[in-house]
There are 2 protein chains.
Amino acid sequence: GRVLVIGFGRFGQIVSQCLLAEGVGVTIIDNDVEMIQSAGRFGVHIYYGDGTRLDVLRAAGADQAEVIAVCVDDREAADRIVDIVQANMPNARLHVRAFDRVHAMALLRKSVAYEMRETLESAFAFGGRTLEALGVDQETVAALVADVRARDRQRLELQVQEGLYAGIELAGQKVEPEPLTDPNKPAKPLNPEAQDVLAHETEFSG
Amino acid sequence: GRVLVIGFGRFGQIVSQCLLAEGVGVTIIDNDVEMIQSAGRFGVHIYYGDGTRLDVLRAAGADQAEVIAVCVDDREAADRIVDIVQANMPNARLHVRAFDRVHAMALLRKSVAYEMRETLESAFAFGGRTLEALGVDQETVAALVADVRARDRQRLELQVQEGLYAGIELAGQKVEPEPLTDPNKPAKPLNPEAQDVLAHETEFSG
């Protein structure tokens, strides 16, 4: 297939649906029997095996694929595949499912061609639909979500470029989320327990 | 807040960013200290506690919220919140993060106002970007992804309406994924192990 999809769970199945709708040849690798059985209903080439092994990747045609789409539901496995591919197929184009912001930053530092945080776009759609439910018109919502998406991307690229958090993910730490628009009022704890937690935060981050 | 967001992880944070960008008042509930500390940087009302408890929901203002956005990273917890809200606040508008297709179907059967599968839209974006990398132009990709999304939605609503799988999620079973476009060729196993698994599938589903 022109695209090698590693991992045929919730994510890899939808990615494959998009590719198949355009008639693109797809090869999938998965080591879960249930996923392989699902794949039998799709017009794809199927390799049953461990996609984090070089011999399996090669046997499934990784050297010939135009895009290697890493869609596994496991950050460590995804990183392992990226490392193996970059070491052995330096010209491969890697598209990778990222777990969260920290993982996305690590992938960008490895210069993968494309990464997508696995819950990001669903959360944008959810936020947009919630604004519509509050009476904001569709056009305004679309512009607003596009703006938040662009700010988020800008911040991500800045963090990667500046290397502000270089290596932080190795320590198992988290990148602090930041508001992308200036909050016009401070956070307000609604119970004493929330107040306690916030007071500690001020102490620690001071 | 006009919107009560339960769960301030990867998903709830992005949802809140969208709402805050429009100046909408947001109250969040989370029982994870780290998440509460993150929320301290946003202009939100914060309730530290277990969002699956009626007293906590009430104390955080669930009765007054225009939308209750269930953004927890746990299917069972989400279902529990939906049940509690529907039993005690029958007029509440529920927007719910769904884990997968089976969960989405269960939520639609409970008549929540909105559900969004947590990885669906990121997978669509990933599939679209992969088609672009293969040389398909942006406009074609956008139309194609919109078409796959519409077919997927249609199939989901049909399955819910026909009650084809009513109760299946209770048994812990999975709904078989189906190709949304007709595969013009059969699936092709690339190694004997894949062939074995597919042969079994034919046996079992015959």
# chains A, B, ... in the order shown; residues from 1 in each chain; ligands from 1
call {"tool": "select_by_dssp", "arguments": {"residues": "segment 25-158 of chain A", "states": "helix (DSSP H, G or I)", "output": "ChimeraX atom specification"}}
result
/A:33-39,54-59,75-88,101-109,120-133,138-158
call {"tool": "residues_around", "arguments": {"residues": "segment 66-69 of chain A", "least_positions_apart": "2", "cutoff": "9 Å", "atoms": "only C-alpha atoms", "output": "PyMOL selection string"}}
result
(chain A and resi 1-7+12+15+62-64+71+85+92-97) or (chain B and resi 126+130+133-134)
call {"tool": "select_by_dssp", "arguments": {"residues": "segment 26-115 of chain A", "states": "strand (DSSP E)", "output": "MDAnalysis selection string"}}
result
chainID A and resid 26:30 45:48 67:70 94:98 114:115
call {"tool": "residues_around", "arguments": {"residues": "Val72 of chain A", "least_positions_apart": "6", "cutoff": "12 Å", "atoms": "only C-alpha atoms", "output": "ChimeraX atom specification"}}
result
/A:5-13,15,28-32,35,50-52,78-82,95-99,118 /B:123
call {"tool": "write_last_selection", "arguments": {"atoms": "N, CA and C atoms", "output": "PDB file, in the first residue's frame"}}
result
ATOM      1  N   VAL A   5      -0.318   1.882   7.746  1.00  0.00           N
ATOM      2  CA  VAL A   5      -0.975   2.326   8.982  1.00  0.00           C
ATOM      3  C   VAL A   5      -0.644   1.324  10.084  1.00  0.00           C
ATOM      4  N   ILE A   6       0.034   1.794  11.128  1.00  0.00           N
ATOM      5  CA  ILE A   6       0.373   0.906  12.236  1.00  0.00           C
ATOM      6  C   ILE A   6      -0.596   1.184  13.382  1.00  0.00           C
ATOM      7  N   GLY A   7      -1.416   0.193  13.700  1.00  0.00           N
ATOM      8  CA  GLY A   7      -2.433   0.356  14.749  1.00  0.00           C
ATOM      9  C   GLY A   7      -3.788   0.563  14.108  1.00  0.00           C
ATOM     10  N   PHE A   8      -4.689  -0.402  14.294  1.00  0.00           N
ATOM     11  CA  PHE A   8      -5.998  -0.326  13.629  1.00  0.00           C
ATOM     12  C   PHE A   8      -7.120  -0.259  14.668  1.00  0.00           C
ATOM     13  N   GLY A   9      -6.927   0.607  15.659  1.00  0.00           N
ATOM     14  CA  GLY A   9      -7.968   0.837  16.661  1.00  0.00           C
ATOM     15  C   GLY A   9      -8.878   1.973  16.230  1.00  0.00           C
ATOM     16  N   ARG A  10      -9.480   2.658  17.210  1.00  0.00           N
ATOM     17  CA  ARG A  10     -10.415   3.747  16.913  1.00  0.00           C
ATOM     18  C   ARG A  10      -9.821   4.746  15.928  1.00  0.00           C
ATOM     19  N   PHE A  11      -8.554   5.095  16.162  1.00  0.00           N
ATOM     20  CA  PHE A  11      -7.910   6.154  15.388  1.00  0.00           C
ATOM     21  C   PHE A  11      -7.523   5.666  13.986  1.00  0.00           C
ATOM     22  N   GLY A  12      -6.807   4.538  13.925  1.00  0.00           N
ATOM     23  CA  GLY A  12      -6.326   4.012  12.650  1.00  0.00           C
ATOM     24  C   GLY A  12      -7.456   3.624  11.702  1.00  0.00           C
ATOM     25  N   GLN A  13      -8.581   3.195  12.270  1.00  0.00           N
ATOM     26  CA  GLN A  13      -9.724   2.831  11.432  1.00  0.00           C
ATOM     27  C   GLN A  13     -10.296   4.045  10.699  1.00  0.00           C
ATOM     28  N   VAL A  15      -8.704   6.900  10.104  1.00  0.00           N
ATOM     29  CA  VAL A  15      -7.685   7.348   9.144  1.00  0.00           C
ATOM     30  C   VAL A  15      -7.787   6.503   7.870  1.00  0.00           C
ATOM     31  N   ILE A  28      -2.115  -2.337   6.722  1.00  0.00           N
ATOM     32  CA  ILE A  28      -2.161  -2.113   8.160  1.00  0.00           C
ATOM     33  C   ILE A  28      -1.369  -3.202   8.883  1.00  0.00           C
ATOM     34  N   ILE A  29      -0.773  -2.787  10.000  1.00  0.00           N
ATOM     35  CA  ILE A  29      -0.100  -3.714  10.908  1.00  0.00           C
ATOM     36  C   ILE A  29      -0.812  -3.611  12.246  1.00  0.00           C
ATOM     37  N   ASP A  30      -1.155  -4.737  12.819  1.00  0.00           N
ATOM     38  CA  ASP A  30      -1.670  -4.740  14.187  1.00  0.00           C
ATOM     39  C   ASP A  30      -1.366  -6.100  14.789  1.00  0.00           C
ATOM     40  N   ASN A  31      -1.184  -6.135  16.109  1.00  0.00           N
ATOM     41  CA  ASN A  31      -0.938  -7.435  16.747  1.00  0.00           C
ATOM     42  C   ASN A  31      -2.102  -7.845  17.641  1.00  0.00           C
ATOM     43  N   ASP A  32      -3.246  -7.210  17.407  1.00  0.00           N
ATOM     44  CA  ASP A  32      -4.453  -7.552  18.151  1.00  0.00           C
ATOM     45  C   ASP A  32      -5.382  -8.299  17.197  1.00  0.00           C
ATOM     46  N   MET A  35      -8.539  -6.568  16.078  1.00  0.00           N
ATOM     47  CA  MET A  35      -8.335  -5.478  15.118  1.00  0.00           C
ATOM     48  C   MET A  35      -8.117  -6.042  13.715  1.00  0.00           C
ATOM     49  N   ASP A  50       3.941  -7.332  15.380  1.00  0.00           N
ATOM     50  CA  ASP A  50       4.323  -6.247  16.273  1.00  0.00           C
ATOM     51  C   ASP A  50       4.973  -5.112  15.476  1.00  0.00           C
ATOM     52  N   GLY A  51       4.239  -4.019  15.317  1.00  0.00           N
ATOM     53  CA  GLY A  51       4.696  -2.894  14.499  1.00  0.00           C
ATOM     54  C   GLY A  51       5.875  -2.140  15.079  1.00  0.00           C
ATOM     55  N   THR A  52       6.344  -2.522  16.267  1.00  0.00           N
ATOM     56  CA  THR A  52       7.507  -1.838  16.827  1.00  0.00           C
ATOM     57  C   THR A  52       8.798  -2.608  16.484  1.00  0.00           C
ATOM     58  N   ALA A  78       4.673   4.270  20.024  1.00  0.00           N
ATOM     59  CA  ALA A  78       4.774   5.238  18.924  1.00  0.00           C
ATOM     60  C   ALA A  78       6.200   5.778  18.829  1.00  0.00           C
ATOM     61  N   ASP A  79       6.778   6.133  19.980  1.00  0.00           N
ATOM     62  CA  ASP A  79       8.142   6.669  19.995  1.00  0.00           C
ATOM     63  C   ASP A  79       9.147   5.639  19.478  1.00  0.00           C
ATOM     64  N   ARG A  80       8.929   4.380  19.868  1.00  0.00           N
ATOM     65  CA  ARG A  80       9.828   3.323  19.429  1.00  0.00           C
ATOM     66  C   ARG A  80       9.774   3.180  17.910  1.00  0.00           C
ATOM     67  N   ILE A  81       8.580   3.202  17.354  1.00  0.00           N
ATOM     68  CA  ILE A  81       8.433   3.081  15.901  1.00  0.00           C
ATOM     69  C   ILE A  81       9.122   4.259  15.198  1.00  0.00           C
ATOM     70  N   VAL A  82       8.916   5.453  15.720  1.00  0.00           N
ATOM     71  CA  VAL A  82       9.544   6.639  15.124  1.00  0.00           C
ATOM     72  C   VAL A  82      11.064   6.481  15.122  1.00  0.00           C
ATOM     73  N   HIS A  95       3.840  10.257   9.885  1.00  0.00           N
ATOM     74  CA  HIS A  95       2.690  10.950  10.463  1.00  0.00           C
ATOM     75  C   HIS A  95       2.361  10.221  11.758  1.00  0.00           C
ATOM     76  N   VAL A  96       2.274  10.947  12.859  1.00  0.00           N
ATOM     77  CA  VAL A  96       2.182  10.263  14.159  1.00  0.00           C
ATOM     78  C   VAL A  96       1.047  10.787  15.036  1.00  0.00           C
ATOM     79  N   ARG A  97       0.288   9.861  15.590  1.00  0.00           N
ATOM     80  CA  ARG A  97      -0.733  10.164  16.599  1.00  0.00           C
ATOM     81  C   ARG A  97      -0.024  10.481  17.908  1.00  0.00           C
ATOM     82  N   ALA A  98      -0.290  11.660  18.458  1.00  0.00           N
ATOM     83  CA  ALA A  98       0.340  12.058  19.714  1.00  0.00           C
ATOM     84  C   ALA A  98      -0.657  11.936  20.853  1.00  0.00           C
ATOM     85  N   PHE A  99      -0.162  11.638  22.048  1.00  0.00           N
ATOM     86  CA  PHE A  99      -1.051  11.508  23.198  1.00  0.00           C
ATOM     87  C   PHE A  99      -1.491  12.876  23.709  1.00  0.00           C
ATOM     88  N   GLU A 118      -4.296  13.243  19.912  1.00  0.00           N
ATOM     89  CA  GLU A 118      -5.435  12.358  19.640  1.00  0.00           C
ATOM     90  C   GLU A 118      -6.797  12.888  20.058  1.00  0.00           C
TER      91      GLU A 118
ATOM     92  N   ALA B 123      -8.674  12.033  14.220  1.00  0.00           N
ATOM     93  CA  ALA B 123      -8.407  11.013  13.205  1.00  0.00           C
ATOM     94  C   ALA B 123      -8.821  11.506  11.816  1.00  0.00           C
TER      95      ALA B 123
END
call {"tool": "atom_distance", "arguments": {"atom1": "atom CA of Glu157 of chain A", "atom2": "atom CA of Ser122 of chain B"}}
result
18.6 Å
